[in-house]
>>> print(open('run_19.txt').read())   # compact mmCIF, C-alpha atoms and all ligand atoms
# COMPACT_ATOMS: atom_id res chain seq x y z
CA MET A 1 -16.24 23.59 2.89
CA ASP A 2 -16.78 25.62 -0.29
CA ILE A 3 -17.78 24.38 -3.74
CA ILE A 4 -17.82 26.43 -6.92
CA PHE A 5 -19.98 25.43 -9.88
CA TYR A 6 -19.78 26.33 -13.57
CA HIS A 7 -21.60 24.90 -16.57
CA PRO A 8 -22.20 26.89 -19.77
CA SER A 9 -25.71 25.54 -20.36
CA PHE A 10 -27.09 23.80 -17.26
CA ASN A 11 -29.55 25.65 -15.02
CA SER A 12 -27.12 26.79 -12.30
CA ASP A 13 -29.86 27.70 -9.81
CA TYR A 14 -31.35 24.23 -10.07
CA TRP A 15 -27.95 22.56 -9.59
CA ILE A 16 -26.90 24.84 -6.71
CA ASN A 17 -30.17 24.16 -4.84
CA ALA A 18 -29.88 20.42 -5.40
CA LEU A 19 -26.24 20.43 -4.29
CA ARG A 20 -27.14 22.38 -1.14
CA LYS A 21 -29.87 19.86 -0.33
CA ALA A 22 -27.49 16.93 -0.82
CA MET A 23 -24.68 18.56 1.19
CA PRO A 24 -26.34 20.94 3.70
CA GLN A 25 -23.06 21.55 5.54
CA VAL A 26 -21.33 22.86 2.39
CA ASN A 27 -21.31 26.38 0.90
CA VAL A 28 -22.09 26.01 -2.78
CA ARG A 29 -21.96 28.95 -5.17
CA ALA A 30 -22.12 29.51 -8.90
CA TRP A 31 -18.75 30.79 -10.09
CA THR A 32 -18.87 34.08 -11.97
CA ALA A 33 -16.06 36.05 -13.59
CA GLY A 34 -13.87 37.78 -11.03
CA ASP A 35 -14.69 35.35 -8.20
CA ASN A 36 -11.28 34.61 -6.65
CA ALA A 37 -12.57 33.63 -3.21
CA PRO A 38 -11.23 30.31 -1.94
CA ALA A 39 -12.95 27.01 -2.70
CA ASP A 40 -12.27 23.37 -1.91
CA TYR A 41 -13.87 21.71 -4.92
CA ALA A 42 -14.91 22.86 -8.39
CA LEU A 43 -17.71 21.26 -10.45
CA VAL A 44 -17.22 22.21 -14.07
CA TRP A 45 -17.90 21.76 -17.76
CA HIS A 46 -15.90 23.83 -20.28
CA PRO A 47 -14.72 26.13 -17.47
CA PRO A 48 -13.09 29.49 -18.19
CA VAL A 49 -9.32 29.26 -17.57
CA GLU A 50 -9.48 31.99 -14.89
CA MET A 51 -11.95 29.95 -12.83
CA LEU A 52 -9.36 27.29 -12.03
CA LYS A 53 -6.02 29.00 -12.60
CA GLY A 54 -3.93 29.33 -9.44
CA ARG A 55 -6.56 27.77 -7.18
CA LYS A 56 -5.54 25.37 -4.42
CA LEU A 57 -8.39 22.92 -4.83
CA LYS A 58 -8.86 19.49 -3.27
CA GLY A 59 -10.45 18.26 -6.47
CA VAL A 60 -12.22 19.14 -9.71
CA PHE A 61 -15.25 17.21 -10.96
CA ALA A 62 -16.05 17.19 -14.68
CA LEU A 63 -19.84 17.15 -15.08
CA GLY A 64 -19.78 14.42 -17.71
CA ALA A 65 -18.19 11.07 -18.53
CA GLY A 66 -15.76 12.24 -21.21
CA VAL A 67 -12.88 14.45 -20.12
CA ASP A 68 -11.37 15.12 -23.54
CA ALA A 69 -12.56 18.74 -23.55
CA ILE A 70 -11.14 19.67 -20.15
CA LEU A 71 -7.90 17.79 -20.78
CA GLY A 72 -7.61 19.70 -24.07
CA GLN A 73 -8.08 22.96 -22.17
CA LEU A 74 -5.47 21.97 -19.60
CA SER A 75 -2.87 21.14 -22.20
CA ALA A 76 -3.59 24.37 -24.12
CA ASN A 77 -3.34 26.43 -20.92
CA PRO A 78 -0.36 25.29 -18.84
CA GLY A 79 -0.90 26.21 -15.19
CA MET A 80 -4.69 26.13 -15.47
CA LEU A 81 -4.82 23.27 -12.96
CA ALA A 82 -1.81 22.17 -10.93
CA ASP A 83 -0.75 18.58 -11.69
CA ASP A 84 -1.34 17.43 -8.13
CA ILE A 85 -5.01 18.52 -8.06
CA PRO A 86 -7.10 15.42 -8.80
CA LEU A 87 -9.61 15.51 -11.64
CA PHE A 88 -12.69 13.30 -11.41
CA ARG A 89 -15.37 12.42 -13.94
CA LEU A 90 -18.88 11.02 -13.66
CA GLU A 91 -19.04 7.25 -13.64
CA ASP A 92 -22.36 6.02 -14.99
CA THR A 93 -24.68 8.27 -12.94
CA GLY A 94 -27.60 7.17 -15.10
CA MET A 95 -25.71 7.30 -18.40
CA GLY A 96 -25.30 3.52 -18.45
CA SER A 97 -29.02 2.83 -18.75
CA GLN A 98 -29.41 5.56 -21.38
CA MET A 99 -26.63 3.97 -23.45
CA GLN A 100 -28.28 0.56 -23.04
CA GLU A 101 -31.62 1.89 -24.34
CA TYR A 102 -29.92 3.55 -27.29
CA ALA A 103 -27.79 0.54 -28.25
CA VAL A 104 -30.42 -2.17 -27.74
CA SER A 105 -33.11 -0.30 -29.67
CA GLN A 106 -30.80 0.32 -32.62
CA VAL A 107 -29.33 -3.20 -32.76
CA LEU A 108 -32.87 -4.60 -32.75
CA HIS A 109 -33.87 -2.10 -35.45
CA TRP A 110 -31.12 -3.45 -37.72
CA PHE A 111 -31.61 -7.09 -36.70
CA ARG A 112 -35.35 -6.99 -37.52
CA ARG A 113 -34.47 -5.25 -40.81
CA PHE A 114 -36.60 -2.19 -40.09
CA ASP A 115 -34.10 -0.20 -42.18
CA ASP A 116 -34.84 -2.43 -45.19
CA TYR A 117 -38.59 -2.31 -44.57
CA GLN A 118 -38.43 1.48 -44.34
CA ALA A 119 -36.68 1.56 -47.73
CA LEU A 120 -39.32 -0.79 -49.20
CA LYS A 121 -42.08 1.41 -47.82
CA GLN A 122 -40.59 4.40 -49.67
CA GLN A 123 -41.20 2.42 -52.87
CA SER A 124 -44.70 1.26 -51.75
CA ARG A 125 -43.42 -2.31 -51.93
CA TRP A 126 -45.00 -5.11 -49.87
CA GLN A 127 -42.22 -7.69 -49.54
CA GLN A 128 -41.26 -10.09 -46.76
CA LEU A 129 -37.50 -10.40 -46.33
CA GLU A 130 -35.50 -13.31 -45.01
CA GLU A 131 -34.88 -13.24 -41.25
CA TYR A 132 -31.41 -12.60 -39.89
CA ALA A 133 -29.98 -15.18 -37.47
CA HIS A 134 -28.76 -14.11 -34.04
CA GLY A 135 -25.60 -16.13 -34.56
CA ASP A 136 -24.73 -13.95 -37.61
CA PHE A 137 -25.21 -10.77 -35.61
CA THR A 138 -22.14 -10.54 -33.41
CA VAL A 139 -22.01 -7.22 -31.60
CA GLY A 140 -18.54 -5.86 -30.88
CA ILE A 141 -18.05 -3.02 -28.42
CA LEU A 142 -14.96 -0.84 -28.65
CA GLY A 143 -14.23 0.26 -25.08
CA ALA A 144 -15.39 -1.92 -22.23
CA GLY A 145 -15.34 0.60 -19.43
CA VAL A 146 -18.23 1.81 -17.32
CA LEU A 147 -20.58 2.41 -20.27
CA GLY A 148 -19.29 -0.23 -22.71
CA SER A 149 -19.71 -2.99 -20.09
CA LYS A 150 -23.26 -1.93 -19.39
CA VAL A 151 -24.10 -1.94 -23.09
CA ALA A 152 -22.52 -5.39 -23.49
CA GLU A 153 -24.56 -6.74 -20.59
CA SER A 154 -27.82 -5.38 -22.00
CA LEU A 155 -27.38 -7.07 -25.39
CA LEU A 156 -26.84 -10.58 -24.04
CA PRO A 157 -30.47 -11.38 -23.11
CA TRP A 158 -31.44 -10.78 -26.77
CA GLY A 159 -29.31 -13.72 -27.86
CA PHE A 160 -26.59 -11.87 -29.77
CA PRO A 161 -22.97 -13.02 -29.44
CA VAL A 162 -21.27 -10.09 -27.68
CA ARG A 163 -17.59 -9.22 -27.60
CA CYS A 164 -15.61 -6.24 -26.38
CA TRP A 165 -12.20 -4.68 -26.94
CA SER A 166 -10.33 -2.69 -24.35
CA ARG A 167 -6.85 -1.86 -23.17
CA SER A 168 -6.76 -4.73 -20.67
CA ARG A 169 -8.77 -7.97 -20.63
CA LYS A 170 -12.18 -7.85 -18.90
CA SER A 171 -14.12 -10.65 -17.31
CA LEU A 172 -17.73 -9.87 -18.13
CA PRO A 173 -19.91 -12.99 -17.92
CA GLY A 174 -20.99 -14.13 -21.39
CA VAL A 175 -18.88 -11.53 -23.21
CA GLN A 176 -15.77 -12.45 -25.20
CA SER A 177 -13.00 -10.05 -24.26
CA PHE A 178 -10.19 -8.90 -26.57
CA ALA A 179 -7.39 -6.67 -25.35
CA GLY A 180 -4.77 -4.40 -26.81
CA PRO A 181 -3.74 -3.54 -30.36
CA GLU A 182 -2.52 -7.09 -31.01
CA GLU A 183 -6.07 -8.49 -30.56
CA LEU A 184 -7.95 -5.76 -32.42
CA GLY A 185 -7.90 -7.72 -35.70
CA ASP A 186 -9.44 -10.82 -34.10
CA PHE A 187 -12.06 -8.66 -32.39
CA LEU A 188 -13.07 -7.07 -35.70
CA GLN A 189 -13.20 -10.28 -37.68
CA GLY A 190 -16.82 -11.45 -37.67
CA THR A 191 -18.15 -8.36 -35.86
CA ARG A 192 -21.42 -7.45 -37.57
CA VAL A 193 -22.39 -4.48 -35.39
CA LEU A 194 -19.63 -2.23 -34.11
CA ILE A 195 -20.49 0.03 -31.16
CA ASN A 196 -17.95 2.65 -30.15
CA LEU A 197 -17.62 3.65 -26.49
CA LEU A 198 -13.94 4.54 -26.32
CA PRO A 199 -12.64 7.73 -24.73
CA ASN A 200 -11.12 10.36 -27.00
CA THR A 201 -7.35 10.05 -26.58
CA PRO A 202 -4.43 10.44 -28.99
CA GLU A 203 -4.47 6.63 -29.38
CA THR A 204 -8.13 6.37 -30.32
CA VAL A 205 -8.58 9.36 -32.67
CA GLY A 206 -9.33 8.15 -36.20
CA LEU A 207 -9.41 4.50 -35.13
CA ILE A 208 -12.60 3.81 -37.10
CA ASN A 209 -11.03 4.24 -40.51
CA GLN A 210 -10.91 2.38 -43.82
CA SER A 211 -8.52 -0.29 -42.54
CA LEU A 212 -10.67 -1.04 -39.47
CA LEU A 213 -13.95 -1.02 -41.42
CA ASN A 214 -12.49 -3.45 -43.99
CA GLN A 215 -11.89 -6.01 -41.25
CA LEU A 216 -15.53 -6.10 -40.10
CA ALA A 217 -18.10 -8.61 -41.37
CA GLU A 218 -19.72 -7.91 -44.76
CA HIS A 219 -22.84 -5.68 -44.60
CA CYS A 220 -21.93 -4.54 -41.11
CA TYR A 221 -23.34 -1.69 -39.05
CA VAL A 222 -21.54 1.08 -37.16
CA MET A 223 -22.85 2.89 -34.10
CA ASN A 224 -20.79 5.77 -32.71
CA LEU A 225 -21.81 6.80 -29.19
CA ALA A 226 -18.47 8.15 -27.98
CA ARG A 227 -16.81 11.01 -29.87
CA GLY A 228 -16.93 12.13 -33.51
CA VAL A 229 -13.14 12.21 -33.85
CA HIS A 230 -13.02 8.42 -33.55
CA VAL A 231 -14.56 8.04 -37.01
CA VAL A 232 -12.91 9.10 -40.26
CA GLU A 233 -16.12 10.32 -41.87
CA ALA A 234 -14.83 10.09 -45.47
CA ASP A 235 -13.86 6.44 -44.88
CA LEU A 236 -17.25 5.66 -43.38
CA LEU A 237 -19.02 7.27 -46.34
CA ALA A 238 -16.86 5.27 -48.77
CA ALA A 239 -17.63 2.04 -46.89
CA LEU A 240 -21.36 2.88 -47.03
CA GLU A 241 -21.08 3.48 -50.77
CA SER A 242 -19.27 0.18 -51.37
CA GLY A 243 -21.89 -1.70 -49.33
CA LYS A 244 -19.31 -2.96 -46.82
CA VAL A 245 -21.18 -0.93 -44.18
CA LYS A 246 -24.93 -1.35 -44.51
CA GLY A 247 -25.94 1.30 -42.01
CA ALA A 248 -24.61 3.75 -39.46
CA MET A 249 -26.15 5.31 -36.38
CA LEU A 250 -24.19 8.35 -35.25
CA ASP A 251 -24.67 10.41 -32.12
CA VAL A 252 -21.40 12.32 -32.23
CA PHE A 253 -19.49 14.11 -34.98
CA SER A 254 -16.08 15.60 -35.59
CA ARG A 255 -17.81 19.01 -35.79
CA GLU A 256 -20.86 19.70 -33.62
CA PRO A 257 -23.36 20.94 -34.54
CA LEU A 258 -22.86 18.97 -37.75
CA PRO A 259 -22.55 21.55 -40.58
CA ALA A 260 -25.54 21.64 -42.93
CA ASP A 261 -23.39 20.71 -45.96
CA ASN A 262 -22.02 17.52 -44.38
CA PRO A 263 -22.97 14.59 -46.67
CA LEU A 264 -23.93 12.44 -43.67
CA TRP A 265 -27.16 14.44 -43.32
CA ALA A 266 -28.50 13.29 -46.67
CA HIS A 267 -27.21 9.72 -46.68
CA PRO A 268 -30.20 7.33 -46.74
CA ARG A 269 -28.44 4.68 -44.66
CA VAL A 270 -27.15 7.02 -41.97
CA ALA A 271 -29.33 7.78 -38.95
CA MET A 272 -28.25 10.38 -36.45
CA THR A 273 -28.99 12.09 -33.17
CA PRO A 274 -27.49 15.36 -31.86
CA HIS A 275 -25.16 14.10 -29.09
CA ILE A 276 -27.93 12.87 -26.83
CA ALA A 277 -27.00 9.23 -26.31
CA ALA A 278 -26.55 9.86 -22.58
CA PHE A 279 -27.26 13.04 -20.65
CA THR A 280 -25.82 14.06 -17.30
CA ARG A 281 -28.68 13.52 -14.85
CA PRO A 282 -28.53 15.96 -11.91
CA THR A 283 -29.87 13.67 -9.19
CA GLU A 284 -27.53 10.77 -9.94
CA ALA A 285 -24.57 13.06 -10.69
CA ILE A 286 -24.98 14.96 -7.42
CA GLU A 287 -25.31 11.71 -5.49
CA PHE A 288 -22.02 10.51 -7.04
CA ILE A 289 -20.25 13.82 -6.39
CA SER A 290 -21.43 14.19 -2.78
CA HIS A 291 -20.59 10.56 -2.04
CA THR A 292 -17.12 10.96 -3.57
CA ILE A 293 -16.43 14.21 -1.72
CA GLY A 294 -17.51 12.54 1.55
CA LYS A 295 -15.03 9.73 0.95
CA LEU A 296 -12.24 12.11 -0.04
CA GLU A 297 -12.79 14.11 3.14
CA ARG A 298 -12.54 10.92 5.20
CA GLY A 299 -9.35 9.93 3.36
CA GLU A 300 -10.98 6.90 1.75
CA THR A 301 -10.31 5.47 -1.71
CA VAL A 302 -12.62 6.75 -4.45
CA SER A 303 -13.28 5.83 -8.05
CA GLY A 304 -13.73 8.15 -11.00
CA ARG A 305 -10.30 9.76 -10.86
CA VAL A 306 -8.98 10.65 -14.29
CA ASP A 307 -5.46 9.65 -15.28
CA ARG A 308 -4.41 12.94 -16.84
CA VAL A 309 -1.44 11.37 -18.62
CA ARG A 310 -3.38 8.43 -20.08
CA GLY A 311 -6.15 10.84 -21.12
CA TYR A 312 -9.25 9.27 -19.57
N1 LIG B 1 -22.63 10.42 -26.74
C1 LIG B 1 -22.84 10.71 -25.47
O1 LIG B 1 -23.87 11.28 -25.11
C2 LIG B 1 -21.84 10.29 -24.44
C3 LIG B 1 -22.21 10.29 -23.08
C4 LIG B 1 -21.31 9.84 -22.14
C5 LIG B 1 -20.05 9.40 -22.53
N2 LIG B 1 -19.71 9.42 -23.84
C6 LIG B 1 -18.38 8.95 -24.25
O2 LIG B 1 -18.21 7.60 -23.81
C7 LIG B 1 -16.85 7.44 -23.43
C8 LIG B 1 -16.70 6.21 -22.56
O3 LIG B 1 -17.20 6.46 -21.26
P1 LIG B 1 -16.92 5.45 -20.04
O4 LIG B 1 -17.49 6.07 -18.83
O5 LIG B 1 -17.36 4.07 -20.40
O6 LIG B 1 -15.32 5.46 -20.01
P2 LIG B 1 -14.34 4.46 -19.29
O7 LIG B 1 -13.07 5.21 -19.03
O8 LIG B 1 -15.01 3.79 -18.15
O9 LIG B 1 -14.07 3.32 -20.38
C9 LIG B 1 -13.15 3.47 -21.42
C10 LIG B 1 -12.81 2.10 -22.00
O10 LIG B 1 -12.00 2.32 -23.17
C11 LIG B 1 -10.86 1.48 -23.10
N3 LIG B 1 -9.72 2.12 -23.79
C12 LIG B 1 -9.22 3.35 -23.59
N4 LIG B 1 -8.18 3.57 -24.40
C13 LIG B 1 -8.01 2.43 -25.11
C14 LIG B 1 -7.09 2.04 -26.11
N5 LIG B 1 -6.12 2.84 -26.55
N6 LIG B 1 -7.21 0.80 -26.62
C15 LIG B 1 -8.18 -0.05 -26.18
N7 LIG B 1 -9.09 0.28 -25.24
C16 LIG B 1 -9.00 1.50 -24.72
C17 LIG B 1 -10.58 1.30 -21.63
O11 LIG B 1 -9.82 0.12 -21.42
C18 LIG B 1 -12.00 1.21 -21.07
O12 LIG B 1 -12.46 -0.10 -21.19
C19 LIG B 1 -16.50 8.77 -22.79
O13 LIG B 1 -15.11 8.99 -22.80
C20 LIG B 1 -17.26 9.77 -23.63
O14 LIG B 1 -16.44 10.28 -24.65
C21 LIG B 1 -20.58 9.85 -24.80
O1 LIG B 2 -19.08 12.84 -22.05
C1 LIG B 2 -20.25 13.06 -21.74
O2 LIG B 2 -20.66 13.00 -20.57
C2 LIG B 2 -21.24 13.43 -22.79
O3 LIG B 2 -20.75 13.11 -24.06
C3 LIG B 2 -21.55 14.89 -22.76
O4 LIG B 2 -20.61 15.59 -23.50
>>> encode(input="run_19.txt", output="structure tokens", more="lines below")
Ligand SMILES: NC(=O)c1ccc[n+]([C@@H]2O[C@H](COP(=O)([O-])OP(=O)(O)OC[C@H]3O[C@@H](n4cnc5c(N)ncnc54)[C@H](O)[C@@H]3O)[C@@H](O)[C@H]2O)c1
Ligand SMILES: O=C(O)[C@H](O)CO
Amino acid sequence: MDIIFYHPSFNSDYWINALRKAMPQVNVRAWTAGDNAPADYALVWHPPVEMLKGRKLKGVFALGAGVDAILGQLSANPGMLADDIPLFRLEDTGMGSQMQEYAVSQVLHWFRRFDDYQALKQQSRWQQLEEYAHGDFTVGILGAGVLGSKVAESLLPWGFPVRCWSRSRKSLPGVQSFAGPEELGDFLQGTRVLINLLPNTPETVGLINQSLLNQLAEHCYVMNLARGVHVVEADLLAALESGKVKGAMLDVFSREPLPADNPLWAHPRVAMTPHIAAFTRPTEAIEFISHTIGKLERGETVSGRVDRVRGY
């Protein structure tokens, strides 16, 4: 069996060696321009069109959780990957616990009013503020898939009411589940902290806009861990100015790197990180990929297959 590998920024040698160790019976090679030799599987991130075009592969693995970029490439380049070649993505592979750390630490930061205390410190003011109550700090998670469910689960032990919104109803113990566009309004009403973990699809682009923000609890908080295009930045800035949104924590942006003149940089109530909420971890990713390939080769059912029409 032959596997080709391409990632624009990962250390290919490291990955190839680790893949060879995990699957000693497989020939793994880094794909380079002009390589048209046959392969069974391709492991990719932002692959050049010519790497995949015309290949008869058994499967393609995206080396991340989100497949918006590769699906965008496929629709811009008809014929890049035949419709019957399955596309897989990474499910969790260590990203779940990273998302949990990120979300829990930031929710606690807001809940314990460290943002307010930081602002008071800037003014050299010693002032004790009233405590927030857990019951007034409902956390709502947009997208209750692999990562959203893990984030929901990690917030429960802290005593926050937790709810989620997804396409179909979920049964996560202790989490109130809302489903579909008809229940979005009820989900938003009373949500004090909104955490976004939706995939980027035509249905979810621009979802976090003025109308959605208006339906959240007063003095709410917004955390975007999914994709920048979900948030209408001008609407978020307006909601910050009006006080409707008290603070935002953003990991992803409609343009990355975020341009230096973007007003989000300077906003005192916006915190940000450069798309690092959850990294692809080689050991866990390779374990998932080798396990999935093993199952595919034995004709068994696997998870992680992307629905190319649905967009995630
Ligand atoms: N910032 C980062 O570092 C980082 C890292 C990994 C993943 N991500 C993002 O997180 C996203 C989620 O990852 P995942 O593995 O949990 O995905 P997933 O496919 O397991 O979960 C997606 C969830 O969104 C819901 N959903 C999709 N479309 C919907 C719609 N129109 N209406 C309501 N619900 C809808 C689904 O029902 C599902 O619950 C990825 O697509 C990626 O963009 C970001
Ligand atoms: O989708 C993912 O895996 C991360 O956001 C990296 O882009």
>>> residues_near_ligand(input="run_19.txt", ligand="ligand LIG 2 (chain B)", cutoff="7 Å", atoms="all atoms listed in the file", output="PyMOL selection string")
chain A and resi 63-67+226+275+278-280
>>> write_last_selection(input="run_19.txt", atoms="C-alpha atoms", output="PDB file, in the coordinates of the input")
ATOM      1  CA  LEU A  63     -19.840  17.150 -15.080  1.00  0.00           C
ATOM      2  CA  GLY A  64     -19.780  14.420 -17.710  1.00  0.00           C
ATOM      3  CA  ALA A  65     -18.190  11.070 -18.530  1.00  0.00           C
ATOM      4  CA  GLY A  66     -15.760  12.240 -21.210  1.00  0.00           C
ATOM      5  CA  VAL A  67     -12.880  14.450 -20.120  1.00  0.00           C
ATOM      6  CA  ALA A 226     -18.470   8.150 -27.980  1.00  0.00           C
ATOM      7  CA  HIS A 275     -25.160  14.100 -29.090  1.00  0.00           C
ATOM      8  CA  ALA A 278     -26.550   9.860 -22.580  1.00  0.00           C
ATOM      9  CA  PHE A 279     -27.260  13.040 -20.650  1.00  0.00           C
ATOM     10  CA  THR A 280     -25.820  14.060 -17.300  1.00  0.00           C
TER      11      THR A 280
END
>>> closest_residue(input="run_19.txt", among="A:Gly34, A:Pro86, A:Pro47, A:Gly148", to="ligand LIG 1 (chain B)", atoms="all atoms listed in the file")
A:Gly148
>>> closest_residue(input="run_19.txt", among="A:Leu207, A:Ala18, A:Leu237, A:Leu81", to="Pro282 (chain A)", atoms="all atoms listed in the file")
A:Ala18
>>> residues_near_ligand(input="run_19.txt", ligand="ligand LIG 1 (chain B)", cutoff="8 Å", atoms="only C-alpha atoms and all ligand atoms", output="PDB file with C-alpha atoms, in the frame of the given file")
ATOM      1  CA  GLY A  64     -19.780  14.420 -17.710  1.00  0.00           C
ATOM      2  CA  ALA A  65     -18.190  11.070 -18.530  1.00  0.00           C
ATOM      3  CA  GLY A  66     -15.760  12.240 -21.210  1.00  0.00           C
ATOM      4  CA  VAL A  67     -12.880  14.450 -20.120  1.00  0.00           C
ATOM      5  CA  ASP A  68     -11.370  15.120 -23.540  1.00  0.00           C
ATOM      6  CA  LEU A  90     -18.880  11.020 -13.660  1.00  0.00           C
ATOM      7  CA  GLU A  91     -19.040   7.250 -13.640  1.00  0.00           C
ATOM      8  CA  ASP A  92     -22.360   6.020 -14.990  1.00  0.00           C
ATOM      9  CA  MET A  95     -25.710   7.300 -18.400  1.00  0.00           C
ATOM     10  CA  MET A  99     -26.630   3.970 -23.450  1.00  0.00           C
ATOM     11  CA  LEU A 142     -14.960  -0.840 -28.650  1.00  0.00           C
ATOM     12  CA  GLY A 143     -14.230   0.260 -25.080  1.00  0.00           C
ATOM     13  CA  ALA A 144     -15.390  -1.920 -22.230  1.00  0.00           C
ATOM     14  CA  GLY A 145     -15.340   0.600 -19.430  1.00  0.00           C
ATOM     15  CA  VAL A 146     -18.230   1.810 -17.320  1.00  0.00           C
ATOM     16  CA  LEU A 147     -20.580   2.410 -20.270  1.00  0.00           C
ATOM     17  CA  GLY A 148     -19.290  -0.230 -22.710  1.00  0.00           C
ATOM     18  CA  SER A 149     -19.710  -2.990 -20.090  1.00  0.00           C
ATOM     19  CA  TRP A 165     -12.200  -4.680 -26.940  1.00  0.00           C
ATOM     20  CA  SER A 166     -10.330  -2.690 -24.350  1.00  0.00           C
ATOM     21  CA  ARG A 167      -6.850  -1.860 -23.170  1.00  0.00           C
ATOM     22  CA  SER A 168      -6.760  -4.730 -20.670  1.00  0.00           C
ATOM     23  CA  ALA A 179      -7.390  -6.670 -25.350  1.00  0.00           C
ATOM     24  CA  GLY A 180      -4.770  -4.400 -26.810  1.00  0.00           C
ATOM     25  CA  PRO A 181      -3.740  -3.540 -30.360  1.00  0.00           C
ATOM     26  CA  LEU A 197     -17.620   3.650 -26.490  1.00  0.00           C
ATOM     27  CA  LEU A 198     -13.940   4.540 -26.320  1.00  0.00           C
ATOM     28  CA  PRO A 199     -12.640   7.730 -24.730  1.00  0.00           C
ATOM     29  CA  ASN A 200     -11.120  10.360 -27.000  1.00  0.00           C
ATOM     30  CA  THR A 201      -7.350  10.050 -26.580  1.00  0.00           C
ATOM     31  CA  GLU A 203      -4.470   6.630 -29.380  1.00  0.00           C
ATOM     32  CA  THR A 204      -8.130   6.370 -30.320  1.00  0.00           C
ATOM     33  CA  ASN A 224     -20.790   5.770 -32.710  1.00  0.00           C
ATOM     34  CA  LEU A 225     -21.810   6.800 -29.190  1.00  0.00           C
ATOM     35  CA  ALA A 226     -18.470   8.150 -27.980  1.00  0.00           C
ATOM     36  CA  ARG A 227     -16.810  11.010 -29.870  1.00  0.00           C
ATOM     37  CA  ASP A 251     -24.670  10.410 -32.120  1.00  0.00           C
ATOM     38  CA  VAL A 252     -21.400  12.320 -32.230  1.00  0.00           C
ATOM     39  CA  HIS A 275     -25.160  14.100 -29.090  1.00  0.00           C
ATOM     40  CA  ILE A 276     -27.930  12.870 -26.830  1.00  0.00           C
ATOM     41  CA  ALA A 277     -27.000   9.230 -26.310  1.00  0.00           C
ATOM     42  CA  ALA A 278     -26.550   9.860 -22.580  1.00  0.00           C
ATOM     43  CA  PHE A 279     -27.260  13.040 -20.650  1.00  0.00           C
ATOM     44  CA  THR A 280     -25.820  14.060 -17.300  1.00  0.00           C
ATOM     45  CA  TYR A 312      -9.250   9.270 -19.570  1.00  0.00           C
TER      46      TYR A 312
END
>>> closest_atom_pairs(input="run_19.txt", of="region 256-304 of chain A", to="region 108-117 of chain A", cutoff="12 Å", atoms="all atoms listed in the file", output="JSON lines")
{"residue": "A:Pro268", "atom": "CA", "partner": "A:Asp115", "partner_atom": "CA", "distance": 9.6}
{"residue": "A:Arg269", "atom": "CA", "partner": "A:Asp115", "partner_atom": "CA", "distance": 7.9}
{"residue": "A:Val270", "atom": "CA", "partner": "A:Asp115", "partner_atom": "CA", "distance": 10.0}
{"residue": "A:Ala271", "atom": "CA", "partner": "A:Asp115", "partner_atom": "CA", "distance": 9.8}
>>> atom_distance(input="run_19.txt", atom1="CA of Leu184 (chain A)", atom2="CA of Val231 (chain A)")
16.0 Å
>>> residues_around(input="run_19.txt", residues="His230 (chain A)", least_positions_apart="5", cutoff="6 Å", atoms="all atoms listed in the file", output="list in words")
Val205, Gly206, Leu207 and Ile208 of chain A
>>> atom_distance(input="run_19.txt", atom1="CA of Ile4 (chain A)", atom2="CA of Val60 (chain A)")
9.6 Å
>>> residues_around(input="run_19.txt", residues="region 296-300 of chain A", least_positions_apart="4", cutoff="12 Å", atoms="only C-alpha atoms", output="ChimeraX atom specification")
/A:1,40-41,58-60,86,88,289-292,304-305
>>> residues_around(input="run_19.txt", residues="Pro161 (chain A)", least_positions_apart="5", cutoff="9 Å", atoms="all atoms listed in the file", output="JSON, numbers by chain")
{"A": [134, 135, 136, 137, 138, 139, 140, 155, 156, 174, 175, 176]}
>>> residues_around(input="run_19.txt", residues="His219 (chain A)", least_positions_apart="6", cutoff="8 Å", atoms="all atoms listed in the file", output="MDAnalysis selection string")
chainID A and resid 192 243:246
>>> atom_distance(input="run_19.txt", atom1="CA of Gln215 (chain A)", atom2="CA of Gly185 (chain A)")
7.0 Å
>>> residues_near_point(input="run_19.txt", point="(-8.6, -0.4, -44.8)", cutoff="12 Å", atoms="only C-alpha atoms", output="list in words")
Gly185, Leu207, Ile208, Asn209, Gln210, Ser211, Leu212, Leu213, Asn214, Gln215, Leu216, Val232, Asp235, Leu236, Ala238, Ala239 and Lys244 of chain A
